[in-house]
Amino acid sequence: MLAPFKAWGGIERKIMILCHEFLALGVQPQLILTRGGVVPYPDELPKEVEIVDLGSGGKLDSVMKLTRFLKHERPAALLTAKDHSAKVAILSRILSRTDVPIFVKITNTLSFTLRRPMKRRSARWLYGYADRLIAVSGGVRDDLIENFGIPPEKVQVIYNPTVTPSIAERKTHPVDHPWLQGDGPPVIIGVGRLTPQKDFPMLIRAFAKVRQQREARLIILGDGPLHDELITCAREAGVGDDVDLPGYVSDPIPYLARGSLFALSSRYEGLANVLIEALAAGLPAVATDCPSGPMEILQAGRIGPLVTVGDADALAQAMLDTLDNPPTQETLARGLDRFRSDKVALQYLQVMGIKSSGVQAAGNGLSGSVE
C-alpha cells in the first residue's frame with residue numbers, strides 16, 4: 001500500500017487490519033512506502049506483509065517510481081486512500097500503459113476536505129479513471145456523486161474494518177489515568193485530532209452545561225494545534241479542573257471501555273471510526289448528525305442520540321439523558337456486524353475481483369496506495 005505512512009493513525013490501523021484479513025484469506029498484501037514513510041503499527045503488522053520502499057520524494061517523483069513499479073510488478077489490484085495517493089496511482093497507471101485495476105478508497109467527505117479549487121478540479125477529472133471508488137459511508141458516496149460528478153455505478157460503499165476479534169482483549173489493557181480507576185463521577189470521553197473539524201470547543205461548552213446539573217468529568221484524547229486553546233476554553237467555561245487532555249494514545253479502546261459515555265462533536269467526518277469503537281467497547285454514545293457516518297452508525301438515533309452540528313445545548317441534554325438512562329449492551333451491539341473486519345475484507349476482495357483461494361500467481365499480489 002503506497003504511502004508516506006505514519007507509524008500510527010486511523011488510516012494506518014485500518015490498513016494493518018486489512019493486511020491481517022487479506023493474509024487469512026490467502027491474498028498477499030504489499031505496502032509501498034513513499035516520501036519517507038515508515039511501516040505502520042510495526043508491532044502489529046504481520047511479518048508476511050511485503051514492504052516496498054520506493055524512496056520517492058514529491059508527487060512527481062512518486063508518479064515516476066510507481067510507474068516503473070507497475071510496469072515491472074503488475075499487481076492484481078491497486079487500492080488507494082486519500083487524495084494525493086489516489087492521483088499518483090491513476091497518473092502512474094496512465095503513464096505505465098498497464099491494465100492494473102485501481103480502486104480509490106475515499107475516507108472522508110471530500111467537499112469538506114478538498115478546499116483548494118485545483119484539488120477539487122483534479123479530483124473530478126482523475127477519479128473518473130479509477131475502476132471503482134470505495135466510499136466508507138453512504139454519506140461519502142452521496143458527496144462523490146453530487147459534488148464531484150462521479151457516476152453512481154462507479155461508487156461502492158464498504159464500511160471500515162473497525163470491529164476486530166482483538167477488541168475484547170484490548171479492553172482489558174491497563175489505563176493509568178486516575179479518573180478511570182473505577183471510583184469518582186462519570187467520565188465522558190472524546191477522541192480525535194485537536195482541530196476545528198472535531199469542534200471540541202463546542203463539546204467543552206456542552207460539558208460545562210452538564211456540570212451545572214451533575215458531577216462529571218471530560219477526557220479528550222488526541223493531539224493537535226488547538227491544545228492550548230481548548231485548555232483556555234475549559235478554564236473560561238469554569239470546568240478547567242474537570243477537563244483533561246492527556247494527548248494522543250495509540251489505542252483508545254482501553255479508555256473507552258472504562259468511560260461512562262462517548263461524545264462525538266464533529267462538524268464533518270467520513271465514517272467516525274471512533275464512534276464504532278466506542279460501541280464495540282460497550283460505551284454508550286451521543287453524536288452530532290454531521291456528514292457523514294453518525295446517522296448510519298447510530299441508525300438514525302435508535303442506538304444513540306443525534307444532535308444538530310454546533311448545538312451545545314442539544315449535545316448537553318443528550319449527554320445528560322444518556323448518562324441517566326444508558327442503552328443496553330444489546331442495543332449498543334446492534335448493527336456492529338457491518339464493521340466486522342473479516343466481512344469487510346471479503347467485500348474488498350469481491351469488489352476488486354480477487355479470489356480468496358490462497359493461490360496467487362508470482363508477482364500478482366495485492367497492492368494498496370494510502371497517504
# chains A, B, ... in the order shown; residues from 1 in each chain; ligands from 1
>>> residues_around(residues="A:Gly58", least_positions_apart="4", cutoff="10 Å", atoms="only C-alpha atoms", output="PyMOL selection string")
chain A and resi 34-35+62-63
>>> residues_around(residues="A:Asp311", least_positions_apart="5", cutoff="9 Å", atoms="only C-alpha atoms", output="PyMOL selection string")
chain A and resi 202+206+288+316
>>> select_by_dssp(residues="stretch 37-221 of chain A", states="helix (DSSP H, G or I)", output="JSON, numbers by chain")
{"A": [59, 60, 61, 62, 63, 64, 65, 66, 67, 68, 69, 70, 71, 72, 73, 83, 84, 85, 86, 87, 88, 89, 90, 91, 92, 93, 94, 95, 96, 110, 111, 112, 113, 117, 118, 119, 120, 121, 122, 123, 124, 125, 126, 127, 128, 129, 138, 139, 140, 141, 142, 143, 144, 145, 146, 147, 148, 152, 153, 154, 167, 168, 169, 170, 178, 179, 180, 196, 197, 198, 200, 201, 202, 203, 204, 205, 206, 207, 208, 209, 210, 211]}
>>> atom_distance(atom1="atom CA of A:Pro178", atom2="atom CA of A:Leu256")
14.3 Å
>>> atom_distance(atom1="atom CA of A:Trp8", atom2="atom CA of A:Leu144")
27.5 Å
>>> atom_distance(atom1="atom CA of A:Asp228", atom2="atom CA of A:Gln317")
26.7 Å
>>> residues_around(residues="A:Ala216", least_positions_apart="3", cutoff="12 Å", atoms="only C-alpha atoms", output="NGL selection string")
:A and (179 or 183-189 or 206-213 or 219 or 239 or 241-244 or 259-261 or 316 or 319-320 or 323-324)
>>> closest_residue(among="A:Ala272, A:Met352, A:Ala318, A:Leu194", to="A:Leu133", atoms="only C-alpha atoms")
A:Met352
>>> select_by_dssp(residues="stretch 262-353 of chain A", states="strand (DSSP E or B)", output="PyMOL selection string")
chain A and resi 262-264+285-288+306-307+340
>>> residues_around(residues="A:Gly149", least_positions_apart="3", cutoff="9 Å", atoms="only C-alpha atoms", output="VMD selection string")
chain A and resid 124 128 144 to 146 152
>>> closest_residue(among="A:Arg267, A:Arg132, A:His227, A:Arg141", to="A:Lys198", atoms="only C-alpha atoms")
A:Arg267
>>> closest_residue(among="A:Thr328, A:Thr109, A:Thr67, A:Ser166", to="A:Gly139", atoms="only C-alpha atoms")
A:Thr109
>>> closest_residue(among="A:Tyr248, A:Phe262, A:Tyr348, A:Phe22", to="A:Gly9", atoms="only C-alpha atoms")
A:Tyr248
>>> decode(residues="stretch 263-320 of chain A", atoms="C-alpha atoms", output="PDB file, in the first residue's frame")
ATOM      1  CA  ALA A 263     -19.334  12.112  22.754  1.00  0.00           C
ATOM      2  CA  LEU A 264     -18.660  12.940  19.095  1.00  0.00           C
ATOM      3  CA  SER A 265     -18.878  16.679  18.412  1.00  0.00           C
ATOM      4  CA  SER A 266     -17.527  16.761  14.843  1.00  0.00           C
ATOM      5  CA  ARG A 267     -18.518  19.202  12.120  1.00  0.00           C
ATOM      6  CA  TYR A 268     -17.854  16.530   9.477  1.00  0.00           C
ATOM      7  CA  GLU A 269     -16.478  13.006   9.227  1.00  0.00           C
ATOM      8  CA  GLY A 270     -16.016  10.250   6.687  1.00  0.00           C
ATOM      9  CA  LEU A 271     -17.380   7.482   8.890  1.00  0.00           C
ATOM     10  CA  ALA A 272     -16.370   8.343  12.500  1.00  0.00           C
ATOM     11  CA  ASN A 273     -14.496   5.144  13.301  1.00  0.00           C
ATOM     12  CA  VAL A 274     -14.036   6.015  16.963  1.00  0.00           C
ATOM     13  CA  LEU A 275     -17.824   6.073  17.329  1.00  0.00           C
ATOM     14  CA  ILE A 276     -17.880   2.456  16.159  1.00  0.00           C
ATOM     15  CA  GLU A 277     -15.011   1.608  18.509  1.00  0.00           C
ATOM     16  CA  ALA A 278     -16.900   3.137  21.427  1.00  0.00           C
ATOM     17  CA  LEU A 279     -19.955   0.989  20.720  1.00  0.00           C
ATOM     18  CA  ALA A 280     -17.777  -2.098  20.265  1.00  0.00           C
ATOM     19  CA  ALA A 281     -16.149  -1.373  23.641  1.00  0.00           C
ATOM     20  CA  GLY A 282     -19.618  -1.270  25.210  1.00  0.00           C
ATOM     21  CA  LEU A 283     -19.698   2.502  25.752  1.00  0.00           C
ATOM     22  CA  PRO A 284     -22.931   4.485  25.200  1.00  0.00           C
ATOM     23  CA  ALA A 285     -22.529   7.283  22.677  1.00  0.00           C
ATOM     24  CA  VAL A 286     -24.010  10.568  21.534  1.00  0.00           C
ATOM     25  CA  ALA A 287     -23.032  12.339  18.333  1.00  0.00           C
ATOM     26  CA  THR A 288     -23.625  15.294  16.093  1.00  0.00           C
ATOM     27  CA  ASP A 289     -25.557  14.444  12.959  1.00  0.00           C
ATOM     28  CA  CYS A 290     -22.646  15.555  10.810  1.00  0.00           C
ATOM     29  CA  PRO A 291     -21.806  14.489   7.284  1.00  0.00           C
ATOM     30  CA  SER A 292     -21.052  11.637   7.146  1.00  0.00           C
ATOM     31  CA  GLY A 293     -21.322   8.481   9.219  1.00  0.00           C
ATOM     32  CA  PRO A 294     -23.001   9.053  12.604  1.00  0.00           C
ATOM     33  CA  MET A 295     -26.528   8.769  11.181  1.00  0.00           C
ATOM     34  CA  GLU A 296     -25.617   5.401   9.643  1.00  0.00           C
ATOM     35  CA  ILE A 297     -23.686   4.117  12.657  1.00  0.00           C
ATOM     36  CA  LEU A 298     -26.329   5.095  15.221  1.00  0.00           C
ATOM     37  CA  GLN A 299     -29.126   4.014  12.890  1.00  0.00           C
ATOM     38  CA  ALA A 300     -30.948   7.340  12.831  1.00  0.00           C
ATOM     39  CA  GLY A 301     -30.819   7.640  16.617  1.00  0.00           C
ATOM     40  CA  ARG A 302     -32.003   4.153  17.537  1.00  0.00           C
ATOM     41  CA  ILE A 303     -28.634   3.238  19.081  1.00  0.00           C
ATOM     42  CA  GLY A 304     -27.716   6.673  20.458  1.00  0.00           C
ATOM     43  CA  PRO A 305     -28.971  10.252  20.157  1.00  0.00           C
ATOM     44  CA  LEU A 306     -28.003  12.543  17.279  1.00  0.00           C
ATOM     45  CA  VAL A 307     -27.953  16.325  17.626  1.00  0.00           C
ATOM     46  CA  THR A 308     -27.527  19.256  15.274  1.00  0.00           C
ATOM     47  CA  VAL A 309     -23.934  20.183  14.444  1.00  0.00           C
ATOM     48  CA  GLY A 310     -22.724  23.030  16.662  1.00  0.00           C
ATOM     49  CA  ASP A 311     -25.665  22.888  19.087  1.00  0.00           C
ATOM     50  CA  ALA A 312     -24.077  22.786  22.563  1.00  0.00           C
ATOM     51  CA  ASP A 313     -27.456  22.896  24.337  1.00  0.00           C
ATOM     52  CA  ALA A 314     -28.735  19.854  22.457  1.00  0.00           C
ATOM     53  CA  LEU A 315     -25.490  17.940  22.975  1.00  0.00           C
ATOM     54  CA  ALA A 316     -25.553  18.704  26.716  1.00  0.00           C
ATOM     55  CA  GLN A 317     -29.122  17.434  27.020  1.00  0.00           C
ATOM     56  CA  ALA A 318     -28.287  14.303  25.043  1.00  0.00           C
ATOM     57  CA  MET A 319     -25.324  13.610  27.340  1.00  0.00           C
ATOM     58  CA  LEU A 320     -27.450  14.117  30.460  1.00  0.00           C
TER      59      LEU A 320
END
